[in-house]
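Okay, so here's the structure we're looking at.
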Amino acid sequence: MPDGSMTAKRQEIALLRRIEERILWLASWTIHNANHLRESRDGLKVGGHQASCASMTTLMTALYMKALRPQDRVAVKPHASPVFHAIQHLFGRQSLDNLKRFRSLGGAQSYPSRTKDVDDVDFSTGSVGLGVAMTAFASLAQDYLAARGAVKPESMGRMISLLGDAELDEGNIYEALIEACKHDVRNTWWIVDYNRQSLDATTQDRMFTRYGEIFEAAGWTVETLKWSRRQRDAFAKPGGEALRSWIETAPNDLYSALTYQGGSAWRERLNADLAEDLAALALIASYKDADLGELMTELGGHCLETLLEAFERASHDDAPRFFIAYTVKGLRLPFQGHKDNHAGLMTPTQIAELRQRLGVVAGEEWDPLSGLSSAERTAIKGLLARAPFAADVVRQHQAPSIATPSADELLAAVAGGGEQSTQSAFGKVMFEISRRSDEFSGRVVTTSPDVTVSTNLGGFVNRRGVFHRRAHDDVFKRRRIPSAQVWSMAETGQHVELGIAENNLFIALAALGLTAPLFGERLFPVGTLYDPFIARGLDALNYACYQDARFLLVATPSGLTLAPEGGAHQSINSPVIGMAQPGLDTYEPAFADETAVLMARAFERIQDPTGSSTYLRLSTRALVQPERTDDSWRKGTIDGAYWLRPPLPGARLALVFSGALAPEALAAFEALKEDMPEAGLLAVTSADVLHRDWTRSGRARWSGEGAQGSTIETLLSDLDRNAGLVTLTDGSPLALSWLGSVRGQRLRALGLETFGQSGDLPDLYGKYRLDADAVLDACADLLA
């Protein structure tokens with residue numbers, strides 16, 4: 001390389017180091033301000049993880065100032081949030097006011113949030129491990145769009161995760177890694193801040209090499225960035241090999257302790273351990289204490305030259321990369337390396353010492369370029385402007401609206417009467433969608449964790465195929481072996497088949513449900529799983545909803561009604577889970593036509609700016625379908641409830657049911673008619689939507705926004721004020737027991753409160769008091 005180029009490179013590295021120092025300062029000061037300077041009205045510690053930030057500043061400087069392109073997407077380590085916000089502030093994408101209000105209402109969030117931060121957050125992080133997996137599935141979503149020409153080759157971005165080494169203890173990372181391997185995921189970088197410390201202690205020595213072996217076995221390119229340029233130069237000197245060997249074999253806890261104690265402690269220990277190696281002793285003696293401390297702690301993850309070279313190498317292909325970047329937790333802070341530093345905060349004296357050491361002028365703490373010369377300021381501003389990631393391009397897209405099927409169109413798929421289950425109705429609607437040739441049907445993508453056929457997605461997949469970047473023959477079809485599954489596998493497929501891992505299902509739905517803002521292309525994701533196992537992926541489901549990802553989740557079959565499968569497969573609390581989950585409208589239809597109407601609504605909600613995702617809790621129990629005399633039930637189905645059998649004015653009793661227990665409720669209702677012809681039968685399709693509407697109405701009155709009626713108040717107003725309610729649901733009775741609070745009515749709630757067992761429906765409904773006799777007993781109790 002010509003001398004001029006070398007000089008320019010050295011100058012750029014020096015400038016990047018200065019920027020990196022100021023990012024460290026601004027992140028540290030933001031946390032200090034929140035904990036020590038800003039008024040505390042509740043006395044609670046604010047926190048902010050200064051040590052975790054310090055171990056990431058070099059990595060993030062190298063990425064954001066040089067390596068990242070506008071189309072790249074990043075999931076930032078949760079505890080590095082202040083570093084991210086500091087970088088965004090340098091780019092002019094985060095306000096000073098928000099930094100000052102870090103971790104307070106309306107300010108920069110504790111952990112990067114797509115929906116709550118104003119700066120350019122690609123993926124929310126916070127529950128460790130999930131953001132890591134998200135990047136793999138975002139890459140899969142990008143490949144899916146690229147196969148359709150919706151993402152051009154030159155616009156393909158890298159999906160990058162910055163993670164702490166303690167996150168590698170999260171099992172969902174390896175579930176995602178396996179799925180990424182099966183789907184031949186590319187353009188994915190996972191960069192580990194390998195500081196060998198977790199929340200409570202230092203990590204185990206034996207994991208030094210295991211992580212790389214795991215990822216290499218999955219087909220990833222592994223790069224271990226252990227040594228800095230300064231260290232490599234030292235190792236090349238006489239005695240340097242002994243020094244390198246000492247570091248290689250030093251236990252993590254000893255290395256951390258010496259890092260905390262500093263240069264003199266390093267000298268004492270090294271002189272003792274290498275006493276027989278005169279060349280090594282001479283090498284150690286050539287450094288002052290401060291310089292020796294820097295030599296021993298400036299690992300590869302703190303070396304801009306090392307990082308930039310590695311990122312440059314990786315930019316020449318699309319292979320998935322796993323970078324192990326060795327770092328020191330809290331480097332350059334007073335508690336660097338200390339095993340208790342995770343939640344440590346610098347004192348006012350310590351932050352003042354850091355300010356002075358970094359050349360920040362007192363009183364100018366919020367100015368990231370304070371104390372720099374005019375020439376340095378100009379050079380830094382120029383570098384920031386030239387950073388590829390700083391390009392003035394749209395990164396959060398607005399996808400155009402797509403015409404979705406009307407309720408009438410989907411109702412046609414389930415017309416014909418007879419006995420139907422809601423699960424079979426779902427399958428019929430999906431098959432009808434697969435037969436369409438409009439833009440909507442081409443944008444539907446389905447996914448399931450190895451239960452595609454048993455959740456009635458098979459018909460859709462037979463017509464639309466399985467997505468994979470490399471085509472695979474259906475060997476059974478080619479050999480003329482009869483099979484109900486005719487699954488072609490190619491880039492044109494619209495079903496993403498997953499292994500048995502519910503976490504992966506929900507992370508995949510999160511990625512597919514964010515393609516509109518991430519890539520400017522709307523998809524309509526539909527995911528299915530068994531309702532009993534929704535709890536296995538709750539953290540990931542919450543993560544998907546927190547990011548405002550949009551999808552239709554179909555959980556089926558459900559409840560005690562899954563009778564022969566036994567207690568482990570009979571869901572109890574999923575209705576309450578759905579009610580408690582923000583960003584998710586939960587429905588439990590009883591009939592096929594309700595299912596079709598709700599699916600039409602779910603597709604509308606996916607692209608409504610104020611919409612949400614939808615969760616349908618379905619059943620395999622075939623029910624006789626009701627004869628509809630008008631269309632009034634449609635609005636009630638969407639709003640959460642309607643009178644299947646309207647009460648007479650002043651009725652003293654009403655039965656309320658959800659889902660598959662409609663026959664028991666109807667049987668009890670028919671038995672009641674002789675003595676109480678005025679009674680009503682209320683079909684609840686969504687306890688969730690009903691309850692949210694009711695609490696919204698109450699808040700409106702309390703907040704002075706004026707009286708606003710709610711659906712459930714209007715429905716129950718047909719009853720006598722003192723009328724009793726009996727509720728029946730195949731799940732936790734909590735889902736409907738709140739109805740008694742609407743007007744202060746007496747209520748008996750029937751449902752499941754213990755684990756079920758194997759059996760047939762008459763036996764199980766009788767044992768668990770979900771049959772018509774139980775309903776009548778509850779009515780008698782109320783009327784006594």
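Going through the structure tokens in order, the chains are called A, B, and so on, while each chain numbers its residues from 1 and the ligands are numbered from 1 in the order shown.
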
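Residues in contact with segment 693-699 of chain A at up to 9 Å, not including ones fewer than 4 positions away on its chain and judged by only C-alpha atoms, are A:Asp639, A:Asp688, A:Val689, A:Ser703, A:Gly704, A:Glu705, A:Ala707, A:Gln708, A:Gly709, A:Ser710, A:Thr711, A:Ile712, A:Glu713, A:Val742.
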
* Using DSSP on the backbone coordinates, identify all residues within segment 103-263 of chain A classified as helix (DSSP H, G or I); present the result as a ChimeraX atom specification. => /A:130-146,153-155,165-169,171-182,205-207,210-217,229-235,240-249,252-261,263

C-alpha atoms of the current selection, written as a PDB file, in the first residue's frame:
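Once written, part-v3.pdb looks like this:
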ATOM      1  CA  LEU A 130     -34.843 -12.925  21.151  1.00  0.00           C
ATOM      2  CA  GLY A 131     -33.269 -10.052  19.220  1.00  0.00           C
ATOM      3  CA  VAL A 132     -30.500 -12.422  18.183  1.00  0.00           C
ATOM      4  CA  ALA A 133     -32.926 -14.962  16.757  1.00  0.00           C
ATOM      5  CA  MET A 134     -34.902 -12.173  15.123  1.00  0.00           C
ATOM      6  CA  THR A 135     -32.055 -11.304  12.783  1.00  0.00           C
ATOM      7  CA  ALA A 136     -31.931 -14.871  11.442  1.00  0.00           C
ATOM      8  CA  PHE A 137     -35.637 -14.877  10.682  1.00  0.00           C
ATOM      9  CA  ALA A 138     -35.464 -11.349   9.258  1.00  0.00           C
ATOM     10  CA  SER A 139     -32.842 -12.679   6.858  1.00  0.00           C
ATOM     11  CA  LEU A 140     -35.186 -15.528   5.969  1.00  0.00           C
ATOM     12  CA  ALA A 141     -37.981 -12.997   5.356  1.00  0.00           C
ATOM     13  CA  GLN A 142     -35.640 -10.981   3.138  1.00  0.00           C
ATOM     14  CA  ASP A 143     -34.781 -14.107   1.149  1.00  0.00           C
ATOM     15  CA  TYR A 144     -38.492 -14.833   0.792  1.00  0.00           C
ATOM     16  CA  LEU A 145     -39.069 -11.367  -0.679  1.00  0.00           C
ATOM     17  CA  ALA A 146     -35.938 -11.534  -2.820  1.00  0.00           C
ATOM     18  CA  PRO A 153     -29.814  -8.204  -5.071  1.00  0.00           C
ATOM     19  CA  GLU A 154     -28.097  -4.836  -4.706  1.00  0.00           C
ATOM     20  CA  SER A 155     -30.527  -3.881  -1.915  1.00  0.00           C
ATOM     21  CA  ASP A 165     -21.786 -13.588  25.681  1.00  0.00           C
ATOM     22  CA  ALA A 166     -24.190 -14.332  28.552  1.00  0.00           C
ATOM     23  CA  GLU A 167     -26.996 -14.281  25.960  1.00  0.00           C
ATOM     24  CA  LEU A 168     -25.455 -17.434  24.525  1.00  0.00           C
ATOM     25  CA  ASP A 169     -26.927 -19.260  27.520  1.00  0.00           C
ATOM     26  CA  GLY A 171     -31.729 -21.830  24.505  1.00  0.00           C
ATOM     27  CA  ASN A 172     -33.830 -20.027  21.922  1.00  0.00           C
ATOM     28  CA  ILE A 173     -30.610 -18.923  20.187  1.00  0.00           C
ATOM     29  CA  TYR A 174     -29.744 -22.520  19.351  1.00  0.00           C
ATOM     30  CA  GLU A 175     -33.300 -23.316  18.278  1.00  0.00           C
ATOM     31  CA  ALA A 176     -32.990 -20.404  15.855  1.00  0.00           C
ATOM     32  CA  LEU A 177     -29.521 -21.527  14.758  1.00  0.00           C
ATOM     33  CA  ILE A 178     -30.857 -24.964  13.820  1.00  0.00           C
ATOM     34  CA  GLU A 179     -33.699 -23.421  11.820  1.00  0.00           C
ATOM     35  CA  ALA A 180     -31.311 -20.996  10.128  1.00  0.00           C
ATOM     36  CA  CYS A 181     -29.172 -23.947   9.090  1.00  0.00           C
ATOM     37  CA  LYS A 182     -32.157 -25.824   7.653  1.00  0.00           C
ATOM     38  CA  ASP A 205     -13.398 -21.222  30.991  1.00  0.00           C
ATOM     39  CA  ARG A 206     -14.446 -24.356  29.129  1.00  0.00           C
ATOM     40  CA  MET A 207     -16.785 -22.317  26.873  1.00  0.00           C
ATOM     41  CA  ARG A 210     -17.229 -24.460  22.312  1.00  0.00           C
ATOM     42  CA  TYR A 211     -19.251 -21.615  20.829  1.00  0.00           C
ATOM     43  CA  GLY A 212     -17.186 -21.537  17.669  1.00  0.00           C
ATOM     44  CA  GLU A 213     -17.472 -25.298  17.266  1.00  0.00           C
ATOM     45  CA  ILE A 214     -21.256 -25.149  17.564  1.00  0.00           C
ATOM     46  CA  PHE A 215     -21.590 -22.489  14.885  1.00  0.00           C
ATOM     47  CA  GLU A 216     -19.083 -24.108  12.549  1.00  0.00           C
ATOM     48  CA  ALA A 217     -21.115 -27.322  12.785  1.00  0.00           C
ATOM     49  CA  ARG A 229      -3.021  -4.815  16.736  1.00  0.00           C
ATOM     50  CA  ARG A 230      -1.076  -3.614  19.768  1.00  0.00           C
ATOM     51  CA  GLN A 231      -1.011  -7.123  21.239  1.00  0.00           C
ATOM     52  CA  ARG A 232      -0.038  -8.789  17.983  1.00  0.00           C
ATOM     53  CA  ASP A 233       2.878  -6.363  17.660  1.00  0.00           C
ATOM     54  CA  ALA A 234       3.954  -7.174  21.233  1.00  0.00           C
ATOM     55  CA  PHE A 235       3.711 -10.927  20.656  1.00  0.00           C
ATOM     56  CA  GLY A 240       5.997 -12.100  23.276  1.00  0.00           C
ATOM     57  CA  GLU A 241       5.016 -15.707  22.674  1.00  0.00           C
ATOM     58  CA  ALA A 242       5.273 -16.451  26.394  1.00  0.00           C
ATOM     59  CA  LEU A 243       3.079 -13.444  27.137  1.00  0.00           C
ATOM     60  CA  ARG A 244       0.486 -14.594  24.616  1.00  0.00           C
ATOM     61  CA  SER A 245       0.545 -18.115  26.032  1.00  0.00           C
ATOM     62  CA  TRP A 246       0.025 -16.753  29.556  1.00  0.00           C
ATOM     63  CA  ILE A 247      -3.099 -14.865  28.452  1.00  0.00           C
ATOM     64  CA  GLU A 248      -4.392 -17.915  26.576  1.00  0.00           C
ATOM     65  CA  THR A 249      -4.243 -20.092  29.676  1.00  0.00           C
ATOM     66  CA  ASN A 252     -11.304 -15.845  33.321  1.00  0.00           C
ATOM     67  CA  ASP A 253     -11.693 -14.843  36.957  1.00  0.00           C
ATOM     68  CA  LEU A 254      -7.957 -14.162  37.367  1.00  0.00           C
ATOM     69  CA  TYR A 255      -7.850 -12.142  34.156  1.00  0.00           C
ATOM     70  CA  SER A 256     -10.844 -10.089  35.311  1.00  0.00           C
ATOM     71  CA  ALA A 257      -9.385  -9.478  38.757  1.00  0.00           C
ATOM     72  CA  LEU A 258      -6.064  -8.251  37.357  1.00  0.00           C
ATOM     73  CA  THR A 259      -7.914  -6.056  34.868  1.00  0.00           C
ATOM     74  CA  TYR A 260      -9.662  -4.384  37.764  1.00  0.00           C
ATOM     75  CA  GLN A 261      -6.471  -3.987  39.818  1.00  0.00           C
ATOM     76  CA  GLY A 263      -0.918  -2.182  35.635  1.00  0.00           C
TER      77      GLY A 263
END

Which residues are near segment 119-124 of chain A? Cut-off 6 Å, only C-alpha atoms, ignore same chain within fewer than 3 positions. Put them as a list in words. Arg73, Val74, Ala75, Arg93, Gln94, Pro112, Ser113 and Arg114 of chain A

Suppose we keep C-alpha atoms; can you now write the selection as a PDB file, in the first residue's frame?
ATOM      1  CA  ARG A  73     -30.510  -3.992  10.039  1.00  0.00           C
ATOM      2  CA  VAL A  74     -29.205  -4.277  13.582  1.00  0.00           C
ATOM      3  CA  ALA A  75     -30.475  -5.793  16.815  1.00  0.00           C
ATOM      4  CA  ARG A  93     -31.411  11.063  14.674  1.00  0.00           C
ATOM      5  CA  GLN A  94     -31.820  11.333  18.445  1.00  0.00           C
ATOM      6  CA  PRO A 112     -33.996  -0.219  22.024  1.00  0.00           C
ATOM      7  CA  SER A 113     -37.669  -0.203  21.031  1.00  0.00           C
ATOM      8  CA  ARG A 114     -39.183   0.015  17.536  1.00  0.00           C
TER       9      ARG A 114
END

Mind checking which residues fall within 8 Å of Ala34 of chain A, counting only C-alpha atoms, ignoring those fewer than 5 positions away in the same chain, and posting them as a PDB file with N, CA and C atoms, in the first residue's frame?
ATOM      1  N   VAL A  46     -32.355   4.315  38.766  1.00  0.00           N
ATOM      2  CA  VAL A  46     -32.708   4.321  37.348  1.00  0.00           C
ATOM      3  C   VAL A  46     -31.920   3.257  36.593  1.00  0.00           C
ATOM      4  N   GLY A  47     -30.621   3.141  36.869  1.00  0.00           N
ATOM      5  CA  GLY A  47     -29.789   2.143  36.206  1.00  0.00           C
ATOM      6  C   GLY A  47     -29.336   2.581  34.825  1.00  0.00           C
ATOM      7  N   LYS A 100     -31.411  13.352  27.708  1.00  0.00           N
ATOM      8  CA  LYS A 100     -31.538  13.839  29.081  1.00  0.00           C
ATOM      9  C   LYS A 100     -32.675  13.129  29.815  1.00  0.00           C
ATOM     10  N   ARG A 101     -33.666  12.659  29.053  1.00  0.00           N
ATOM     11  CA  ARG A 101     -34.793  11.955  29.666  1.00  0.00           C
ATOM     12  C   ARG A 101     -34.667  10.447  29.514  1.00  0.00           C
ATOM     13  N   PHE A 102     -33.445   9.955  29.359  1.00  0.00           N
ATOM     14  CA  PHE A 102     -33.202   8.513  29.255  1.00  0.00           C
ATOM     15  C   PHE A 102     -33.865   7.779  30.424  1.00  0.00           C
ATOM     16  N   ARG A 103     -34.638   6.757  30.094  1.00  0.00           N
ATOM     17  CA  ARG A 103     -35.359   5.942  31.076  1.00  0.00           C
ATOM     18  C   ARG A 103     -36.422   6.723  31.855  1.00  0.00           C
TER      19      ARG A 103
END

Taking only C-alpha atoms into account, which of A:Ser55, A:Thr610, A:Thr729, A:Ser5 comes nearest Gln336 of chain A?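 Closest to Gln336 of chain A, using only C-alpha atoms: A:Ser55.
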
Residue with the minimum atom-to-atom distance to Thr455 of chain A, picked from A:Ser228, A:Thr528, A:Ser686, A:Gln494 with only C-alpha atoms counted, is A:Thr528

For a quick check of understanding, using only C-alpha atoms, which of A:Gly262, A:Pro575, A:Gly583, A:Gly559 has the smallest distance to Lys288 of chain A?
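Using only C-alpha atoms, the shortest distance to Lys288 of chain A belongs to A:Gly262.
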
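Residues in contact with Ser424 of chain A at up to 9 Å, not including ones fewer than 6 positions away on its chain and judged by only C-alpha atoms, are A:Val414, A:Thr455, A:Asn456, A:Ala592, A:Ser619, A:Thr620, A:Ala622.
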